[in-house]
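Asks: This is the structure, below, for whatever I ask next.
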Amino acid sequence: MMIQPASSLVRYDNPVLISRSDGQGSGIKNLQNIMKNKAIDKKFNQPSGAKKLPPVDDKGRLKTPNQTEDVLNSILPPREWDEQGQYWIQRVSSSPATRLDVINLQEQLDHMLQKRQARETGICPVRRELYSQCFDELIRQVTINCQERGLLLLRVRDEIRMSIAAYQTLYESSVAFGMRKALQEEQGKTDMEIKIKELEEEKALLEQQVTELKAKCEMIEKHEAEQRAMEERKHAEEIAFLKKTNVQLKTQLEGILSPQKKS
């Protein structure tokens with residue numbers, strides 16, 4: 001059973017088998033040429049399937065055979081895939097679109113947005129992919145009717161994609177820069193927390209030393225106060241003893257001197 005690529009809003013023709021693993025079919029050489037061209041495009045940083053646009057005449061009309069198919073293939077390259085040794089290719093449809101097709105495209109877009117749960121606002125890769133497919137389908141429809149207008153829309157599409165890619169690169173760089181800053185801030189926060197913890201431990205140690213020194217000072221002051229009180233009491237006792245001795249000596253001296261004055 002063939003497994004086709006994911007469904008797209010762009011209209012494609014039925015897939016065509018271009019080669020088989022048993023060697024039947026003449027599409028192997030064509031596939032090799034296609035892969036070779038894709039490798040050359042990648043080497044020169046060109047999108048896969050991009051080719052030089054067909055030349056125009058003096059009146060601005062394309063003058064190559066199969067004009068519509070060539071332009072459509074240059075704008076929307078065919079899809080290729082491998083399934084069980086069989087190589088398939090699916091080219092974009094060159095059938096003109098009617099007003100009903102445009103209405104159906106709008107309904108399909110709304111249905112796919114709802115089915116794939118695309119976000120209505122903000123950055124959403126799903127919504128961007130679906131709108132990009134819708135724009136490619138519109139380019140296909142316009143190109144069939146007016147090839148020059150389709151080529152101009154192709155330039156607009158590529159410019160939009162380049163701008164979005166630049167914005168995406170800028171966004172990713174900003175996110176990376178923010179992450180680096182956040183990691184640096186987190187590392188600085190960790191270092192600051194460690195430093196705060198060390199300072200708090202040092203503060204607690206100093207407070208303990210202050211408490212011990214205060215207790216020691218109080219003990220010394222108490223000892224000095226007791227010592228001073230003891231010395232003052234001792235000094236007061238000595239003074240009292242000396243005063244008492246002085247009084248006794250005066251009394252004795254007066255007792256001795258009084259008889260001599262009478263005689």
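So you can find residues: chains in the structure tokens are A, B, ... in the order shown, residues in each start at 1, and ligands are numbered from 1 in order.
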Would you please extract all helix (DSSP H, G or I) residues from stretch 43-248 of chain A, as assigned by DSSP on the backbone, and give them as a PyMOL selection string?
Replies: chain A and resi 43+67-75+99-115+125-145+147-248
Asks: Considering only C-alpha atoms, state which residue in the set A:Glu193, A:Val71, A:Leu130, A:Lys222 is at the smallest distance from A:Arg149.
Replies: A:Val71
Asks: Considering only C-alpha atoms, state which residue in the set A:Glu172, A:Glu201, A:Glu224, A:Asp110 is at the smallest distance from A:Tyr131.
Replies: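 So, comparing all the options, the nearest one is A:Asp110.
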Asks: Just the number, please: distance in Å from atom CA of A:His223 to atom CA of A:Glu207, one decimal.
Replies: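 So the two atoms, atom CA of A:His223 and atom CA of A:Glu207, lie 24.2 Å apart.
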Asks: Which polymer residues have any atom within 10 Å of an atom of A:Pro5, counting only C-alpha atoms, with same-chain residues fewer than 6 positions away left out, as a PyMOL selection string?
Replies: chain A and resi 79-81+90
Asks: So that I can see what lies close to A:Gln141, please list as number ranges by chain the residues with an atom at most 7 Å from it, counting only C-alpha atoms and leaving out residues fewer than 3 positions away in the same chain.
Replies: A: 96-97, 137-138, 144-145
Asks: Write out as a VMD selection string all residues of stretch 28-263 of chain A that backbone DSSP assigns to strand (DSSP E or B).
Replies: chain A and resid 56 62 79 to 83 86 to 90 92
Asks: Any chance you could export the current selection's N, CA, C and O atoms as a PDB file, in the first residue's frame?
Replies:
ATOM      1  N   VAL A  56      10.937  35.957 -21.285  1.00  0.00           N
ATOM      2  CA  VAL A  56       9.726  36.571 -21.802  1.00  0.00           C
ATOM      3  C   VAL A  56      10.051  37.298 -23.096  1.00  0.00           C
ATOM      4  O   VAL A  56      11.196  37.673 -23.360  1.00  0.00           O
ATOM      5  N   LEU A  62       5.527  34.904 -21.585  1.00  0.00           N
ATOM      6  CA  LEU A  62       6.462  33.794 -21.538  1.00  0.00           C
ATOM      7  C   LEU A  62       6.467  33.082 -22.891  1.00  0.00           C
ATOM      8  O   LEU A  62       5.417  32.897 -23.505  1.00  0.00           O
ATOM      9  N   ARG A  79       6.487  16.820  -5.469  1.00  0.00           N
ATOM     10  CA  ARG A  79       6.776  16.031  -4.264  1.00  0.00           C
ATOM     11  C   ARG A  79       7.247  14.646  -4.682  1.00  0.00           C
ATOM     12  O   ARG A  79       6.660  14.024  -5.563  1.00  0.00           O
ATOM     13  N   GLU A  80       8.295  14.157  -4.034  1.00  0.00           N
ATOM     14  CA  GLU A  80       8.871  12.855  -4.357  1.00  0.00           C
ATOM     15  C   GLU A  80       9.016  12.048  -3.081  1.00  0.00           C
ATOM     16  O   GLU A  80       9.320  12.589  -2.024  1.00  0.00           O
ATOM     17  N   TRP A  81       8.806  10.740  -3.186  1.00  0.00           N
ATOM     18  CA  TRP A  81       8.987   9.867  -2.022  1.00  0.00           C
ATOM     19  C   TRP A  81       9.234   8.436  -2.479  1.00  0.00           C
ATOM     20  O   TRP A  81       8.995   8.080  -3.632  1.00  0.00           O
ATOM     21  N   ASP A  82       9.743   7.654  -1.559  1.00  0.00           N
ATOM     22  CA  ASP A  82      10.111   6.261  -1.819  1.00  0.00           C
ATOM     23  C   ASP A  82       9.239   5.371  -0.952  1.00  0.00           C
ATOM     24  O   ASP A  82       9.124   5.593   0.256  1.00  0.00           O
ATOM     25  N   GLU A  83       8.662   4.354  -1.552  1.00  0.00           N
ATOM     26  CA  GLU A  83       7.813   3.427  -0.810  1.00  0.00           C
ATOM     27  C   GLU A  83       8.045   2.021  -1.329  1.00  0.00           C
ATOM     28  O   GLU A  83       7.676   1.684  -2.465  1.00  0.00           O
ATOM     29  N   GLN A  86       9.733   1.639  -4.626  1.00  0.00           N
ATOM     30  CA  GLN A  86       9.073   2.337  -5.711  1.00  0.00           C
ATOM     31  C   GLN A  86       9.176   3.836  -5.494  1.00  0.00           C
ATOM     32  O   GLN A  86       8.909   4.323  -4.392  1.00  0.00           O
ATOM     33  N   TYR A  87       9.567   4.543  -6.540  1.00  0.00           N
ATOM     34  CA  TYR A  87       9.763   5.983  -6.448  1.00  0.00           C
ATOM     35  C   TYR A  87       8.599   6.690  -7.139  1.00  0.00           C
ATOM     36  O   TYR A  87       8.302   6.414  -8.306  1.00  0.00           O
ATOM     37  N   TRP A  88       7.960   7.560  -6.375  1.00  0.00           N
ATOM     38  CA  TRP A  88       6.772   8.246  -6.860  1.00  0.00           C
ATOM     39  C   TRP A  88       7.054   9.743  -6.941  1.00  0.00           C
ATOM     40  O   TRP A  88       7.858  10.291  -6.189  1.00  0.00           O
ATOM     41  N   ILE A  89       6.345  10.380  -7.866  1.00  0.00           N
ATOM     42  CA  ILE A  89       6.432  11.824  -8.007  1.00  0.00           C
ATOM     43  C   ILE A  89       5.024  12.373  -8.178  1.00  0.00           C
ATOM     44  O   ILE A  89       4.161  11.741  -8.818  1.00  0.00           O
ATOM     45  N   GLN A  90       4.785  13.509  -7.601  1.00  0.00           N
ATOM     46  CA  GLN A  90       3.461  14.130  -7.649  1.00  0.00           C
ATOM     47  C   GLN A  90       3.638  15.612  -7.946  1.00  0.00           C
ATOM     48  O   GLN A  90       4.210  16.348  -7.146  1.00  0.00           O
ATOM     49  N   VAL A  92       2.293  19.526  -8.985  1.00  0.00           N
ATOM     50  CA  VAL A  92       1.197  20.407  -8.640  1.00  0.00           C
ATOM     51  C   VAL A  92       0.218  20.479  -9.805  1.00  0.00           C
ATOM     52  O   VAL A  92       0.600  20.394 -10.975  1.00  0.00           O
TER      53      VAL A  92
END
